[in-house]
$ cat entry05.pdb   # PDB, C-alpha atoms, pLDDT in the B column
ATOM      1  CA  MET A   1      22.811   2.049  12.693  1.00 47.00           C
ATOM      2  CA  GLU A   2      20.598   1.976  15.794  1.00 61.00           C
ATOM      3  CA  THR A   3      16.891   1.892  15.020  1.00 83.00           C
ATOM      4  CA  ILE A   4      13.744   0.623  16.658  1.00 90.00           C
ATOM      5  CA  TYR A   5      14.448  -2.676  14.850  1.00 93.00           C
ATOM      6  CA  GLY A   6      17.643  -3.135  16.873  1.00 91.00           C
ATOM      7  CA  GLU A   7      19.873  -6.011  15.830  1.00 93.00           C
ATOM      8  CA  HIS A   8      17.298  -7.111  13.222  1.00 94.00           C
ATOM      9  CA  TYR A   9      17.611  -3.980  11.081  1.00 94.00           C
ATOM     10  CA  GLU A  10      20.274  -5.177   8.612  1.00 94.00           C
ATOM     11  CA  LYS A  11      18.657  -8.618   8.229  1.00 95.00           C
ATOM     12  CA  ILE A  12      15.277  -6.995   7.538  1.00 95.00           C
ATOM     13  CA  LEU A  13      16.868  -4.766   4.875  1.00 95.00           C
ATOM     14  CA  SER A  14      18.514  -7.852   3.397  1.00 96.00           C
ATOM     15  CA  PHE A  15      15.136  -9.636   3.230  1.00 97.00           C
ATOM     16  CA  ILE A  16      13.654  -6.617   1.426  1.00 97.00           C
ATOM     17  CA  GLU A  17      16.478  -6.787  -1.142  1.00 97.00           C
ATOM     18  CA  VAL A  18      15.890 -10.506  -1.663  1.00 96.00           C
ATOM     19  CA  LEU A  19      12.152  -9.894  -2.084  1.00 97.00           C
ATOM     20  CA  GLU A  20      12.772  -7.155  -4.656  1.00 96.00           C
ATOM     21  CA  THR A  21      15.200  -9.333  -6.624  1.00 96.00           C
ATOM     22  CA  GLU A  22      12.912 -12.376  -6.597  1.00 96.00           C
ATOM     23  CA  ILE A  23       9.888 -10.317  -7.670  1.00 96.00           C
ATOM     24  CA  VAL A  24      11.818  -8.833 -10.620  1.00 96.00           C
ATOM     25  CA  GLN A  25      12.870 -12.351 -11.686  1.00 96.00           C
ATOM     26  CA  MET A  26       9.298 -13.615 -11.194  1.00 96.00           C
ATOM     27  CA  GLU A  27       7.996 -10.736 -13.326  1.00 96.00           C
ATOM     28  CA  THR A  28      10.374 -11.684 -16.141  1.00 96.00           C
ATOM     29  CA  LYS A  29       9.213 -15.312 -16.019  1.00 96.00           C
ATOM     30  CA  LEU A  30       5.549 -14.272 -15.992  1.00 96.00           C
ATOM     31  CA  GLU A  31       6.092 -11.979 -18.966  1.00 94.00           C
ATOM     32  CA  ALA A  32       7.701 -14.828 -20.892  1.00 94.00           C
ATOM     33  CA  ALA A  33       4.935 -17.262 -19.939  1.00 94.00           C
ATOM     34  CA  TYR A  34       2.006 -14.963 -20.768  1.00 91.00           C
ATOM     35  CA  LYS A  35       3.650 -12.984 -23.608  1.00 90.00           C
ATOM     36  CA  MET A  36       2.811  -9.723 -21.824  1.00 90.00           C
ATOM     37  CA  ASN A  37       3.813  -7.851 -18.715  1.00 91.00           C
ATOM     38  CA  ILE A  38       1.151  -8.557 -16.097  1.00 93.00           C
ATOM     39  CA  ILE A  39       2.773  -6.438 -13.365  1.00 96.00           C
ATOM     40  CA  ASP A  40       2.427  -2.681 -13.800  1.00 95.00           C
ATOM     41  CA  HIS A  41       4.768  -1.790 -10.932  1.00 96.00           C
ATOM     42  CA  THR A  42       5.998  -2.911  -7.522  1.00 97.00           C
ATOM     43  CA  MET A  43       6.782  -0.977  -4.345  1.00 96.00           C
ATOM     44  CA  THR A  44       8.478  -2.059  -1.134  1.00 97.00           C
ATOM     45  CA  ARG A  45       8.794  -0.265   2.169  1.00 95.00           C
ATOM     46  CA  LEU A  46       9.997  -0.719   5.709  1.00 95.00           C
ATOM     47  CA  LYS A  47       7.507   0.605   8.250  1.00 93.00           C
ATOM     48  CA  SER A  48       8.699   3.871   9.809  1.00 91.00           C
ATOM     49  CA  GLU A  49       9.513   4.019  13.506  1.00 91.00           C
ATOM     50  CA  GLU A  50       6.478   6.264  14.069  1.00 91.00           C
ATOM     51  CA  SER A  51       4.162   3.770  12.335  1.00 90.00           C
ATOM     52  CA  ILE A  52       5.700   0.841  14.239  1.00 92.00           C
ATOM     53  CA  ILE A  53       5.193   2.564  17.583  1.00 92.00           C
ATOM     54  CA  GLU A  54       1.573   3.369  16.664  1.00 91.00           C
ATOM     55  CA  LYS A  55       0.928  -0.221  15.527  1.00 92.00           C
ATOM     56  CA  CYS A  56       2.448  -1.654  18.717  1.00 93.00           C
ATOM     57  CA  SER A  57       0.294   0.698  20.777  1.00 93.00           C
ATOM     58  CA  LYS A  58      -2.861  -0.488  18.958  1.00 92.00           C
ATOM     59  CA  LYS A  59      -1.862  -4.100  19.634  1.00 93.00           C
ATOM     60  CA  GLY A  60      -1.058  -3.349  23.280  1.00 94.00           C
ATOM     61  CA  ILE A  61       2.574  -4.455  23.030  1.00 95.00           C
ATOM     62  CA  LYS A  62       5.845  -2.662  23.792  1.00 94.00           C
ATOM     63  CA  PRO A  63       7.763  -1.549  20.694  1.00 92.00           C
ATOM     64  CA  THR A  64      10.783  -3.777  21.331  1.00 92.00           C
ATOM     65  CA  PRO A  65      12.776  -5.365  18.498  1.00 93.00           C
ATOM     66  CA  TYR A  66      11.550  -8.818  19.598  1.00 93.00           C
ATOM     67  CA  ASN A  67       7.870  -7.794  19.583  1.00 93.00           C
ATOM     68  CA  ILE A  68       8.189  -5.965  16.277  1.00 93.00           C
ATOM     69  CA  VAL A  69       9.757  -8.950  14.527  1.00 91.00           C
ATOM     70  CA  ASN A  70       7.386 -11.512  16.045  1.00 91.00           C
ATOM     71  CA  TYR A  71       4.037  -9.720  16.254  1.00 92.00           C
ATOM     72  CA  ILE A  72       3.920  -7.070  13.542  1.00 93.00           C
ATOM     73  CA  HIS A  73       3.161  -8.787  10.234  1.00 93.00           C
ATOM     74  CA  ASP A  74       3.547  -5.763   7.971  1.00 93.00           C
ATOM     75  CA  THR A  75       6.910  -4.412   9.115  1.00 94.00           C
ATOM     76  CA  ILE A  76       7.994  -5.106   5.541  1.00 96.00           C
ATOM     77  CA  GLY A  77       5.391  -4.115   2.975  1.00 96.00           C
ATOM     78  CA  VAL A  78       5.339  -5.142  -0.670  1.00 98.00           C
ATOM     79  CA  ARG A  79       2.708  -3.880  -3.073  1.00 98.00           C
ATOM     80  CA  ILE A  80       2.411  -5.428  -6.521  1.00 98.00           C
ATOM     81  CA  ILE A  81       0.125  -3.557  -8.902  1.00 98.00           C
ATOM     82  CA  CYS A  82      -1.412  -5.362 -11.870  1.00 97.00           C
ATOM     83  CA  THR A  83      -3.607  -4.153 -14.697  1.00 93.00           C
ATOM     84  CA  PHE A  84      -6.254  -6.887 -14.597  1.00 95.00           C
ATOM     85  CA  ILE A  85      -7.953  -8.958 -11.896  1.00 96.00           C
ATOM     86  CA  ASP A  86      -6.816 -12.277 -13.395  1.00 96.00           C
ATOM     87  CA  ASP A  87      -3.225 -11.039 -13.234  1.00 96.00           C
ATOM     88  CA  VAL A  88      -3.530 -10.613  -9.468  1.00 97.00           C
ATOM     89  CA  TYR A  89      -4.169 -14.344  -9.143  1.00 98.00           C
ATOM     90  CA  LYS A  90      -1.387 -15.244 -11.590  1.00 97.00           C
ATOM     91  CA  VAL A  91       1.013 -13.230  -9.436  1.00 98.00           C
ATOM     92  CA  ARG A  92      -0.360 -14.855  -6.281  1.00 98.00           C
ATOM     93  CA  ASP A  93       0.239 -18.314  -7.742  1.00 97.00           C
ATOM     94  CA  ALA A  94       3.769 -17.359  -8.804  1.00 97.00           C
ATOM     95  CA  LEU A  95       4.528 -16.013  -5.320  1.00 98.00           C
ATOM     96  CA  ARG A  96       3.323 -19.280  -3.788  1.00 97.00           C
ATOM     97  CA  GLY A  97       5.967 -21.045  -5.874  1.00 95.00           C
ATOM     98  CA  LEU A  98       8.919 -19.006  -4.602  1.00 94.00           C
ATOM     99  CA  SER A  99      11.334 -20.783  -2.280  1.00 93.00           C
ATOM    100  CA  ILE A 100      12.569 -17.705  -0.370  1.00 94.00           C
ATOM    101  CA  PHE A 101       9.646 -17.737   2.043  1.00 96.00           C
ATOM    102  CA  LYS A 102       6.616 -19.708   3.128  1.00 96.00           C
ATOM    103  CA  VAL A 103       3.114 -18.287   2.980  1.00 97.00           C
ATOM    104  CA  VAL A 104       1.732 -17.957   6.506  1.00 96.00           C
ATOM    105  CA  GLU A 105      -1.664 -16.402   5.744  1.00 97.00           C
ATOM    106  CA  GLU A 106      -3.755 -15.258   2.784  1.00 98.00           C
ATOM    107  CA  LYS A 107      -6.817 -13.013   2.614  1.00 98.00           C
ATOM    108  CA  ASP A 108      -8.787 -12.351  -0.544  1.00 98.00           C
ATOM    109  CA  TYR A 109     -10.339  -8.909  -0.221  1.00 97.00           C
ATOM    110  CA  ILE A 110     -11.086  -8.839  -3.955  1.00 96.00           C
ATOM    111  CA  TYR A 111     -13.873 -11.409  -3.905  1.00 94.00           C
ATOM    112  CA  ASN A 112     -14.578 -10.697  -0.233  1.00 95.00           C
ATOM    113  CA  ALA A 113     -14.267  -6.907  -0.130  1.00 94.00           C
ATOM    114  CA  LYS A 114     -14.157  -5.131   3.209  1.00 94.00           C
ATOM    115  CA  PRO A 115     -17.392  -3.312   4.157  1.00 93.00           C
ATOM    116  CA  ASN A 116     -15.853   0.061   3.238  1.00 91.00           C
ATOM    117  CA  GLY A 117     -15.130  -1.187  -0.311  1.00 92.00           C
ATOM    118  CA  TYR A 118     -11.418  -1.984   0.109  1.00 94.00           C
ATOM    119  CA  ARG A 119     -10.198  -4.622  -2.329  1.00 96.00           C
ATOM    120  CA  SER A 120      -6.785  -6.296  -2.520  1.00 97.00           C
ATOM    121  CA  TYR A 121      -5.182  -9.725  -2.175  1.00 98.00           C
ATOM    122  CA  HIS A 122      -3.025 -10.043   0.954  1.00 98.00           C
ATOM    123  CA  MET A 123      -0.332 -12.578   1.749  1.00 98.00           C
ATOM    124  CA  ILE A 124       1.738 -12.754   4.930  1.00 97.00           C
ATOM    125  CA  VAL A 125       5.037 -14.485   4.221  1.00 97.00           C
ATOM    126  CA  LYS A 126       7.939 -15.527   6.457  1.00 96.00           C
ATOM    127  CA  ASN A 127      11.536 -16.272   5.498  1.00 96.00           C
ATOM    128  CA  ASP A 128      13.781 -18.937   7.092  1.00 95.00           C
ATOM    129  CA  GLU A 129      15.062 -16.423   9.646  1.00 95.00           C
ATOM    130  CA  GLY A 130      11.514 -15.699  10.827  1.00 93.00           C
ATOM    131  CA  TYR A 131      11.065 -12.243   9.303  1.00 95.00           C
ATOM    132  CA  LEU A 132       7.552 -11.423   8.161  1.00 96.00           C
ATOM    133  CA  ALA A 133       6.350  -9.370   5.211  1.00 97.00           C
ATOM    134  CA  GLU A 134       2.911  -8.441   3.968  1.00 97.00           C
ATOM    135  CA  ILE A 135       2.429  -8.616   0.210  1.00 98.00           C
ATOM    136  CA  GLN A 136      -0.561  -6.799  -1.255  1.00 98.00           C
ATOM    137  CA  ILE A 137      -1.510  -7.574  -4.853  1.00 98.00           C
ATOM    138  CA  ARG A 138      -4.117  -5.377  -6.506  1.00 97.00           C
ATOM    139  CA  THR A 139      -5.173  -3.725  -9.733  1.00 97.00           C
ATOM    140  CA  ILE A 140      -4.405  -0.108 -10.615  1.00 96.00           C
ATOM    141  CA  SER A 141      -8.027   0.819  -9.799  1.00 95.00           C
ATOM    142  CA  MET A 142      -7.867  -0.863  -6.399  1.00 96.00           C
ATOM    143  CA  ASP A 143      -4.575   0.863  -5.635  1.00 95.00           C
ATOM    144  CA  THR A 144      -5.897   4.300  -6.618  1.00 93.00           C
ATOM    145  CA  TRP A 145      -8.929   3.857  -4.371  1.00 92.00           C
ATOM    146  CA  ALA A 146      -6.821   2.559  -1.449  1.00 92.00           C
ATOM    147  CA  ALA A 147      -4.454   5.552  -1.701  1.00 89.00           C
ATOM    148  CA  LEU A 148      -7.355   8.006  -1.564  1.00 86.00           C
ATOM    149  CA  GLU A 149      -9.029   6.154   1.304  1.00 86.00           C
ATOM    150  CA  HIS A 150      -5.739   6.070   3.231  1.00 80.00           C
ATOM    151  CA  ASP A 151      -5.226   9.815   2.795  1.00 76.00           C
ATOM    152  CA  ILE A 152      -8.747  10.556   4.030  1.00 76.00           C
ATOM    153  CA  LYS A 153      -8.530   8.088   6.904  1.00 72.00           C
ATOM    154  CA  TYR A 154      -5.415   9.726   8.333  1.00 68.00           C
ATOM    155  CA  LYS A 155      -6.341  13.348   7.593  1.00 65.00           C
ATOM    156  CA  LYS A 156      -7.358  14.832  10.929  1.00 63.00           C
ATOM    157  CA  ASP A 157      -8.878  18.167   9.908  1.00 69.00           C
ATOM    158  CA  ILE A 158     -11.563  17.155   7.411  1.00 69.00           C
ATOM    159  CA  LYS A 159     -14.385  19.688   7.581  1.00 69.00           C
ATOM    160  CA  ALA A 160     -16.783  17.886   5.244  1.00 70.00           C
ATOM    161  CA  ASN A 161     -19.350  15.335   6.417  1.00 77.00           C
ATOM    162  CA  LYS A 162     -17.304  12.162   7.095  1.00 76.00           C
ATOM    163  CA  GLU A 163     -20.344   9.896   6.688  1.00 81.00           C
ATOM    164  CA  LEU A 164     -20.987  11.353   3.230  1.00 84.00           C
ATOM    165  CA  ILE A 165     -17.306  10.903   2.316  1.00 82.00           C
ATOM    166  CA  THR A 166     -17.417   7.276   3.530  1.00 83.00           C
ATOM    167  CA  ALA A 167     -20.558   6.605   1.465  1.00 87.00           C
ATOM    168  CA  GLU A 168     -19.006   8.207  -1.620  1.00 87.00           C
ATOM    169  CA  LEU A 169     -15.816   6.179  -1.173  1.00 89.00           C
ATOM    170  CA  LYS A 170     -17.873   2.977  -0.984  1.00 91.00           C
ATOM    171  CA  ARG A 171     -19.793   3.968  -4.124  1.00 92.00           C
ATOM    172  CA  CYS A 172     -16.509   4.667  -5.937  1.00 91.00           C
ATOM    173  CA  ALA A 173     -15.071   1.330  -4.772  1.00 92.00           C
ATOM    174  CA  ASP A 174     -18.087  -0.489  -6.211  1.00 92.00           C
ATOM    175  CA  GLU A 175     -17.866   1.414  -9.511  1.00 93.00           C
ATOM    176  CA  LEU A 176     -14.139   0.705  -9.807  1.00 92.00           C
ATOM    177  CA  ALA A 177     -14.737  -2.983  -9.057  1.00 92.00           C
ATOM    178  CA  SER A 178     -17.337  -3.075 -11.825  1.00 93.00           C
ATOM    179  CA  THR A 179     -14.893  -1.347 -14.184  1.00 93.00           C
ATOM    180  CA  ASP A 180     -12.172  -3.884 -13.307  1.00 93.00           C
ATOM    181  CA  VAL A 181     -14.560  -6.723 -14.209  1.00 92.00           C
ATOM    182  CA  SER A 182     -15.535  -4.997 -17.481  1.00 93.00           C
ATOM    183  CA  MET A 183     -11.896  -4.413 -18.426  1.00 91.00           C
ATOM    184  CA  GLN A 184     -11.096  -8.064 -17.666  1.00 93.00           C
ATOM    185  CA  THR A 185     -14.001  -9.145 -19.892  1.00 92.00           C
ATOM    186  CA  ILE A 186     -12.777  -6.942 -22.756  1.00 92.00           C
ATOM    187  CA  ARG A 187      -9.257  -8.314 -22.405  1.00 89.00           C
ATOM    188  CA  ASN A 188     -10.593 -11.884 -22.429  1.00 89.00           C
ATOM    189  CA  MET A 189     -12.584 -11.125 -25.582  1.00 90.00           C
ATOM    190  CA  ILE A 190      -9.510  -9.657 -27.296  1.00 88.00           C
ATOM    191  CA  PHE A 191      -7.419 -12.728 -26.486  1.00 83.00           C
ATOM    192  CA  GLY A 192     -10.200 -15.184 -27.369  1.00 75.00           C
ATOM    193  CA  GLU A 193     -10.710 -16.388 -23.825  1.00 69.00           C
ATOM    194  CA  ILE A 194     -14.480 -15.823 -24.041  1.00 63.00           C
TER
END
$ encode --input "entry05.pdb" --output "structure tokens"
Amino acid sequence: METIYGEHYEKILSFIEVLETEIVQMETKLEAAYKMNIIDHTMTRLKSEESIIEKCSKKGIKPTPYNIVNYIHDTIGVRIICTFIDDVYKVRDALRGLSIFKVVEEKDYIYNAKPNGYRSYHMIVKNDEGYLAEIQIRTISMDTWAALEHDIKYKKDIKANKELITAELKRCADELASTDVSMQTIRNMIFGEI
């Protein structure tokens, strides 16, 4: 099958399959270790050709298979959704222990939120063949907010005041962050961790 990924396409799909399998196995081990399921759900995706072309354009590079594989870090996207903030870091630690890739970069947007209110934990990982994937780990609240913000960001015909929408999104992000902390506190109280 000829795609924008060229000769890398099948190997990229194979890496996605390996990631999915390893994450399911990791989830089982975490559930056994913590006596509860700390991952709500997981999603994987391969960036569409349209998105790849747009990303290459923003980076000022030609959308060739070589450039895509070497310079686009989120060609493969993995999103792991947890219920509680502490679970995000448990998942992060478990991912660090996997042997199928090495962690190239990490960014903690939970404790260092972006100015617009975006929160998530990001990891860029690379397998032995050099293929990159971005793993985002976040709570359900963070994921809900990010989905809404993404929809608004890419909607071209918004008639409402965009500055007001941006301010409201930031306010919601802060309220959801506060709720995440409160829910974590309640969970810790229930399990005698406070």
$ resolve_selection --input "entry05.pdb" --expression "the PyMOL selection byres ((chain A and resi 174-178) around 9)" --output "PyMOL selection string"
chain A and resi 110+117+119+141-142+145+169-173+179-183
$ closest_residue --input "entry05.pdb" --among "A:Phe101, A:Phe191, A:Tyr89, A:Tyr131" --to "A:Glu22" --atoms "all atoms listed in the file"
A:Phe101
$ closest_residue --input "entry05.pdb" --among "A:Gln136, A:Asn37, A:Asn161, A:Thr166" --to "A:Thr83" --atoms "only C-alpha atoms"
A:Asn37
$ closest_residue --input "entry05.pdb" --among "A:Ala133, A:Ala167, A:Leu148, A:Ile190" --to "A:Asn116" --atoms "all atoms listed in the file"
A:Ala167
$ resolve_selection --input "entry05.pdb" --expression "the PyMOL selection byres ((chain A and resi 72) around 12)" --output "number ranges by chain"
A: 5, 46-47, 51-71, 73-77, 124-126, 130-134
$ closest_residue --input "entry05.pdb" --among "A:Asp40, A:Glu27, A:Glu17, A:Glu168" --to "A:Phe84" --atoms "only C-alpha atoms"
A:Asp40
$ atom_distance --input "entry05.pdb" --atom1 "atom CA of A:Ile135" --atom2 "atom CA of A:His122"
5.7 Å
$ atom_distance --input "entry05.pdb" --atom1 "atom CA of A:Thr144" --atom2 "atom CA of A:Ala160"
21.1 Å
$ closest_residue --input "entry05.pdb" --among "A:Asn188, A:Asn127, A:Ser48, A:Gln25" --to "A:Ile4" --atoms "all atoms listed in the file"
A:Ser48
$ resolve_selection --input "entry05.pdb" --expression "the PyMOL selection byres ((chain A and resi 41) around 8)" --output "JSON, numbers by chain"
{"A": [39, 40, 42, 43, 80, 81, 82]}
$ closest_residue --input "entry05.pdb" --among "A:Glu106, A:Arg45, A:Ile140, A:Ile152" --to "A:Ile12" --atoms "only C-alpha atoms"
A:Arg45
$ atom_distance --input "entry05.pdb" --atom1 "atom CA of A:Val91" --atom2 "atom CA of A:Ala113"
19.0 Å
$ axis_aligned_box --input "entry05.pdb" --around "stretch 66-78 of chain A" --padding-each-side "4 Å" --output "lines of an AutoDock Vina configuration file"
center_x = 7.4
center_y = -7.8
center_z = 9.5
size_x = 16.4
size_y = 15.4
size_z = 28.3
